[in-house]
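Q: Quick one: structure below, then a few questions.
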Amino acid sequence: MADVTELNATSAALLGLLHEGPKTGGQLVAAATERFGGFFSVTRSQVYRELPALTDAGLLRLGKQGPRSSQQYAITAAGKRAFKSWLNTEPGPDNVRSPLILRLAYSGSLTPKQRAGLVESARGQYAVKMDEAKNAAKAATDPYEKAAADFTVSYNRAIIKLLDSIPD
């Protein structure tokens, strides 16, 4: 059985999603992107690395075999307890890891044309993300999901403001 102190945020995210019912790895990746992709990224490789470890720890069990040999996973009672314990632990510091902001921090090394291309490309991507975040915030019925969706809107708004502040 895994010690709850060993439960990382990615594992906890997967356990949380599996409270909704059994899912395959691919379904978990899609659900994570839809549910909290605006503020917490989960990659396919992370999901497929965590699932066997969570199963070995007794926090998940294998479910039905799906099409193309996809495997469903279901949360166990121990997994629910571990998730609840994780929720009640100190989260520690947040770490923003943005390749865009890192590039912007060094964008003085670019030509004006290169910098303008970087900013305009990012502005287009964040305009789409902003629309998606606003729609998610409007659609959220759970007050905690709504709060997270509102944060995502604010985050995207902050990135667009940052982009607007980059000199030509």
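Naming scheme: A, B, ... for chains in displayed order of the structure tokens; residues 1 onward per chain; ligands 1 onward as shown.
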Identify, on the basis of only C-alpha atoms, every residue whose closest approach to segment 12-27 of chain A does not exceed 9 Å; exclude the query and any residue fewer than 5 positions from it along the same chain; express the result as a list of chain:residue names.
A: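 Non-adjacent residues within range: A:Leu7, A:Ala32, A:Arg35, A:Val42, A:Arg44, A:Val47, A:Tyr48, A:Glu50, A:Leu51, A:Leu54, A:Leu59, A:Leu60, A:Leu62, A:Gly63, A:Lys64, A:Gln65, A:Gly66, A:Ser70, A:Gln71, A:Gln72, A:Tyr73, A:Ala74, A:Ile75, A:Gly79, A:Lys80, A:Ala82, A:Phe83, A:Trp86, A:Leu87.
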Q: Keeping N, CA and C atoms for every residue in the selection just given, could you write it to a file as an mmCIF file, in the first residue's frame?
A:
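Contents of result_14.cif, freshly written:
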data_model
loop_
_atom_site.group_PDB
_atom_site.id
_atom_site.type_symbol
_atom_site.label_atom_id
_atom_site.label_comp_id
_atom_site.auth_asym_id
_atom_site.auth_seq_id
_atom_site.Cartn_x
_atom_site.Cartn_y
_atom_site.Cartn_z
ATOM 1 N N LEU A 7 2.104 10.107 -2.666
ATOM 2 C CA LEU A 7 1.133 10.394 -3.707
ATOM 3 C C LEU A 7 1.450 11.759 -4.304
ATOM 4 N N ALA A 32 -8.648 14.848 -18.020
ATOM 5 C CA ALA A 32 -7.752 15.780 -17.328
ATOM 6 C C ALA A 32 -7.607 17.073 -18.119
ATOM 7 N N ARG A 35 -10.998 18.893 -17.811
ATOM 8 C CA ARG A 35 -11.378 19.296 -16.457
ATOM 9 C C ARG A 35 -10.438 20.328 -15.840
ATOM 10 N N VAL A 42 -1.425 17.391 -17.494
ATOM 11 C CA VAL A 42 -1.156 15.966 -17.309
ATOM 12 C C VAL A 42 -0.882 15.397 -18.699
ATOM 13 N N ARG A 44 0.197 12.351 -21.482
ATOM 14 C CA ARG A 44 -0.092 10.939 -21.732
ATOM 15 C C ARG A 44 0.971 10.064 -21.076
ATOM 16 N N VAL A 47 0.395 9.831 -17.332
ATOM 17 C CA VAL A 47 -0.751 8.971 -17.005
ATOM 18 C C VAL A 47 -0.349 7.510 -17.088
ATOM 19 N N TYR A 48 0.287 7.130 -18.187
ATOM 20 C CA TYR A 48 0.639 5.719 -18.371
ATOM 21 C C TYR A 48 1.777 5.264 -17.466
ATOM 22 N N GLU A 50 1.888 6.459 -14.211
ATOM 23 C CA GLU A 50 1.255 6.421 -12.889
ATOM 24 C C GLU A 50 0.276 5.264 -12.728
ATOM 25 N N LEU A 51 -0.453 4.900 -13.779
ATOM 26 C CA LEU A 51 -1.496 3.878 -13.641
ATOM 27 C C LEU A 51 -0.977 2.548 -13.102
ATOM 28 N N LEU A 54 -0.068 2.980 -9.360
ATOM 29 C CA LEU A 54 -1.255 3.081 -8.504
ATOM 30 C C LEU A 54 -1.933 1.722 -8.355
ATOM 31 N N LEU A 59 -4.273 1.065 -5.059
ATOM 32 C CA LEU A 59 -5.168 2.219 -5.096
ATOM 33 C C LEU A 59 -6.119 2.169 -6.289
ATOM 34 N N LEU A 60 -5.764 1.372 -7.283
ATOM 35 C CA LEU A 60 -6.603 1.127 -8.455
ATOM 36 C C LEU A 60 -6.692 -0.367 -8.677
ATOM 37 N N LEU A 62 -7.758 -3.180 -11.997
ATOM 38 C CA LEU A 62 -8.044 -3.271 -13.425
ATOM 39 C C LEU A 62 -9.529 -3.512 -13.624
ATOM 40 N N GLY A 63 -10.080 -2.817 -14.590
ATOM 41 C CA GLY A 63 -11.492 -2.979 -14.933
ATOM 42 C C GLY A 63 -11.623 -3.782 -16.206
ATOM 43 N N LYS A 64 -12.668 -3.488 -16.949
ATOM 44 C CA LYS A 64 -12.936 -4.207 -18.197
ATOM 45 C C LYS A 64 -11.898 -3.883 -19.261
ATOM 46 N N GLN A 65 -11.636 -4.873 -20.096
ATOM 47 C CA GLN A 65 -10.772 -4.683 -21.258
ATOM 48 C C GLN A 65 -11.608 -3.981 -22.319
ATOM 49 N N GLY A 66 -11.078 -2.908 -22.870
ATOM 50 C CA GLY A 66 -11.818 -2.150 -23.870
ATOM 51 C C GLY A 66 -11.364 -2.477 -25.276
ATOM 52 N N SER A 70 -7.409 -1.595 -24.897
ATOM 53 C CA SER A 70 -7.352 -0.552 -23.871
ATOM 54 C C SER A 70 -7.855 -1.143 -22.559
ATOM 55 N N GLN A 71 -7.257 -0.684 -21.483
ATOM 56 C CA GLN A 71 -7.552 -1.223 -20.164
ATOM 57 C C GLN A 71 -8.236 -0.169 -19.309
ATOM 58 N N GLN A 72 -9.378 -0.505 -18.749
ATOM 59 C CA GLN A 72 -10.020 0.407 -17.811
ATOM 60 C C GLN A 72 -9.404 0.243 -16.428
ATOM 61 N N TYR A 73 -9.405 1.336 -15.686
ATOM 62 C CA TYR A 73 -8.954 1.343 -14.307
ATOM 63 C C TYR A 73 -10.083 1.870 -13.442
ATOM 64 N N ALA A 74 -10.218 1.298 -12.249
ATOM 65 C CA ALA A 74 -11.231 1.736 -11.292
ATOM 66 C C ALA A 74 -10.546 2.005 -9.962
ATOM 67 N N ILE A 75 -11.023 2.992 -9.258
ATOM 68 C CA ILE A 75 -10.451 3.337 -7.957
ATOM 69 C C ILE A 75 -10.946 2.343 -6.909
ATOM 70 N N GLY A 79 -7.790 3.553 -2.587
ATOM 71 C CA GLY A 79 -7.519 4.708 -3.440
ATOM 72 C C GLY A 79 -8.340 5.913 -3.027
ATOM 73 N N LYS A 80 -9.595 5.679 -2.672
ATOM 74 C CA LYS A 80 -10.448 6.788 -2.202
ATOM 75 C C LYS A 80 -9.909 7.367 -0.902
ATOM 76 N N ALA A 82 -6.751 7.238 0.140
ATOM 77 C CA ALA A 82 -5.489 7.919 -0.164
ATOM 78 C C ALA A 82 -5.748 9.288 -0.790
ATOM 79 N N PHE A 83 -6.732 9.360 -1.674
ATOM 80 C CA PHE A 83 -7.079 10.633 -2.303
ATOM 81 C C PHE A 83 -7.574 11.624 -1.262
ATOM 82 N N TRP A 86 -4.701 12.803 0.729
ATOM 83 C CA TRP A 86 -3.897 13.737 -0.064
ATOM 84 C C TRP A 86 -4.545 15.117 -0.063
ATOM 85 N N LEU A 87 -5.873 15.161 -0.216
ATOM 86 C CA LEU A 87 -6.577 16.443 -0.213
ATOM 87 C C LEU A 87 -6.346 17.207 1.082
#
Q: Segment 157-166 of chain A: which residues within 9 Å, counting only C-alpha atoms, same-chain residues fewer than 3 positions away excluded, as JSON, numbers by chain?
A: {"A": [101, 104, 107, 115, 116, 119, 120, 122, 123, 126, 127, 130, 152, 153, 154]}
Q: Residues of the last selection are to be written out with all heavy atoms, as a CSV table (one decimal), in the first residue's frame.
A:
chain,number,residue,atom,x,y,z
A,101,ILE,N,6.4,32.1,-21.0
A,101,ILE,CA,6.9,33.1,-20.2
A,101,ILE,C,8.5,33.1,-20.2
A,101,ILE,O,9.1,34.2,-20.2
A,101,ILE,CB,6.4,33.1,-18.8
A,101,ILE,CG1,4.8,33.3,-18.9
A,101,ILE,CG2,7.0,34.1,-17.9
A,101,ILE,CD1,4.1,33.1,-17.5
A,104,LEU,N,9.5,34.8,-23.4
A,104,LEU,CA,9.2,36.2,-23.3
A,104,LEU,C,10.3,36.9,-22.4
A,104,LEU,O,10.7,38.0,-22.8
A,104,LEU,CB,7.8,36.5,-22.7
A,104,LEU,CG,6.7,36.1,-23.7
A,104,LEU,CD1,5.3,36.3,-22.9
A,104,LEU,CD2,6.7,36.9,-25.0
A,107,SER,N,13.1,37.5,-24.7
A,107,SER,CA,12.7,37.9,-26.1
A,107,SER,C,13.4,39.1,-26.5
A,107,SER,O,13.4,39.5,-27.7
A,107,SER,CB,11.2,38.1,-26.2
A,107,SER,OG,10.7,39.2,-25.4
A,115,ARG,N,10.2,38.6,-32.4
A,115,ARG,CA,9.5,38.8,-31.2
A,115,ARG,C,8.0,39.0,-31.5
A,115,ARG,O,7.1,38.5,-30.8
A,115,ARG,CB,10.1,40.0,-30.4
A,115,ARG,CG,9.5,40.3,-29.1
A,115,ARG,CD,10.3,41.3,-28.3
A,115,ARG,NE,10.7,42.5,-29.0
A,115,ARG,CZ,12.0,42.6,-29.4
A,115,ARG,NH1,12.9,41.8,-29.1
A,115,ARG,NH2,12.3,43.7,-30.1
A,116,ALA,N,7.7,39.8,-32.5
A,116,ALA,CA,6.3,40.0,-32.9
A,116,ALA,C,5.6,38.7,-33.3
A,116,ALA,O,4.5,38.5,-32.9
A,116,ALA,CB,6.2,41.0,-34.1
A,119,VAL,N,4.9,36.8,-30.0
A,119,VAL,CA,3.7,37.4,-29.3
A,119,VAL,C,2.4,37.1,-30.0
A,119,VAL,O,1.4,36.8,-29.4
A,119,VAL,CB,4.0,38.9,-29.1
A,119,VAL,CG1,2.8,39.6,-28.6
A,119,VAL,CG2,5.2,39.1,-28.1
A,120,GLU,N,2.4,37.3,-31.3
A,120,GLU,CA,1.1,37.1,-32.1
A,120,GLU,C,0.7,35.7,-32.1
A,120,GLU,O,-0.5,35.4,-32.0
A,120,GLU,CB,1.3,37.7,-33.5
A,120,GLU,CG,1.3,39.2,-33.6
A,120,GLU,CD,0.2,39.8,-32.8
A,120,GLU,OE1,-1.0,39.5,-33.0
A,120,GLU,OE2,0.5,40.7,-32.0
A,122,ALA,N,1.4,33.5,-29.7
A,122,ALA,CA,0.9,33.2,-28.4
A,122,ALA,C,-0.5,33.9,-28.1
A,122,ALA,O,-1.4,33.3,-27.5
A,122,ALA,CB,1.9,33.7,-27.4
A,123,ARG,N,-0.7,35.1,-28.6
A,123,ARG,CA,-1.9,35.8,-28.4
A,123,ARG,C,-3.1,35.0,-29.1
A,123,ARG,O,-4.1,34.9,-28.5
A,123,ARG,CB,-1.8,37.2,-29.0
A,123,ARG,CG,-3.1,38.0,-28.7
A,123,ARG,CD,-3.0,39.4,-29.2
A,123,ARG,NE,-2.2,40.2,-28.3
A,123,ARG,CZ,-1.0,40.8,-28.6
A,123,ARG,NH1,-0.5,40.7,-29.9
A,123,ARG,NH2,-0.3,41.5,-27.8
A,126,TYR,N,-3.8,31.9,-26.9
A,126,TYR,CA,-4.4,32.3,-25.6
A,126,TYR,C,-5.8,32.9,-25.8
A,126,TYR,O,-6.7,32.8,-24.9
A,126,TYR,CB,-3.5,33.2,-24.7
A,126,TYR,CG,-2.6,32.4,-24.0
A,126,TYR,CD1,-1.3,32.0,-24.5
A,126,TYR,CD2,-2.9,31.8,-22.7
A,126,TYR,CE1,-0.5,31.2,-23.8
A,126,TYR,CE2,-2.0,31.0,-22.1
A,126,TYR,CZ,-0.8,30.7,-22.6
A,126,TYR,OH,0.0,29.9,-21.9
A,127,ALA,N,-6.1,33.4,-27.0
A,127,ALA,CA,-7.5,33.9,-27.2
A,127,ALA,C,-8.4,32.7,-27.3
A,127,ALA,O,-9.5,32.7,-26.8
A,127,ALA,CB,-7.5,34.7,-28.5
A,130,MET,N,-8.8,31.3,-23.8
A,130,MET,CA,-9.7,32.2,-23.1
A,130,MET,C,-11.1,31.9,-23.4
A,130,MET,O,-12.0,31.8,-22.4
A,130,MET,CB,-9.4,33.7,-23.4
A,130,MET,CG,-10.3,34.7,-22.7
A,130,MET,SD,-10.2,34.7,-20.9
A,130,MET,CE,-9.0,36.1,-20.8
A,152,THR,N,-8.9,29.9,-14.2
A,152,THR,CA,-8.4,29.7,-15.6
A,152,THR,C,-8.6,30.9,-16.5
A,152,THR,O,-7.8,31.3,-17.2
A,152,THR,CB,-8.9,28.4,-16.2
A,152,THR,OG1,-8.6,27.3,-15.3
A,152,THR,CG2,-8.3,28.1,-17.5
A,153,VAL,N,-9.8,31.5,-16.4
A,153,VAL,CA,-10.1,32.7,-17.1
A,153,VAL,C,-9.2,33.8,-16.7
A,153,VAL,O,-8.6,34.5,-17.6
A,153,VAL,CB,-11.6,33.1,-16.9
A,153,VAL,CG1,-11.9,34.5,-17.5
A,153,VAL,CG2,-12.6,32.1,-17.5
A,154,SER,N,-9.0,34.0,-15.4
A,154,SER,CA,-8.1,35.0,-14.9
A,154,SER,C,-6.7,34.8,-15.4
A,154,SER,O,-5.9,35.7,-15.7
A,154,SER,CB,-8.2,35.1,-13.4
A,154,SER,OG,-9.5,35.5,-13.0
Q: Skip Glu34 of chain A itself and residues of its chain fewer than 3 positions away, then list as a list in words all residues within 12 Å of it, counting only C-alpha atoms.
A: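 Those residues are Leu17, Gln27, Leu28, Val29, Ala30, Ala31, Gly37, Gly38, Phe39, Phe40, Ser41, Val42, Lys129, Glu132, Ala133, Asn135, Ala136, Ala137, Ala140, Glu145, Ala149 and Thr152 of chain A.
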Q: What does the structure give for the distance between atom CA of Gly92 of chain A and atom CA of Ser45 of chain A, in Å to one decimal?
A: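 Interatomic distance here is 23.9 Å.
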Q: What does the distance between atom CA of Asn88 of chain A and atom CA of Lys134 of chain A come to in Å, to one decimal place?
A: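 Going from atom CA of Asn88 of chain A over to atom CA of Lys134 of chain A covers 29.2 Å.
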Q: Can you list every residue in segment 62-121 of chain A that DSSP puts in strand (DSSP E or B), as a ChimeraX atom specification?
A: /A:62-65,71-75
Q: Which residue gives the smallest distance to Thr89 of chain A among A:Ser69, A:Asn8, A:Asp131, A:Gly108, with only C-alpha atoms counted?
A: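 That would be A:Asn8, the residue with the smallest distance to Thr89 of chain A.
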Q: If you run DSSP on the backbone, which residues of chain A are alpha helix (DSSP H), as a PyMOL selection string?
A: chain A and resi 9-18+25-36+44-56+77-87+99-105+112-139+143-165
Q: Can you measure atom CA of Arg103 of chain A to atom CA of Ser121 of chain A for me? One decimal in Å is fine.
A: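 Those two atoms sit 12.5 Å apart.
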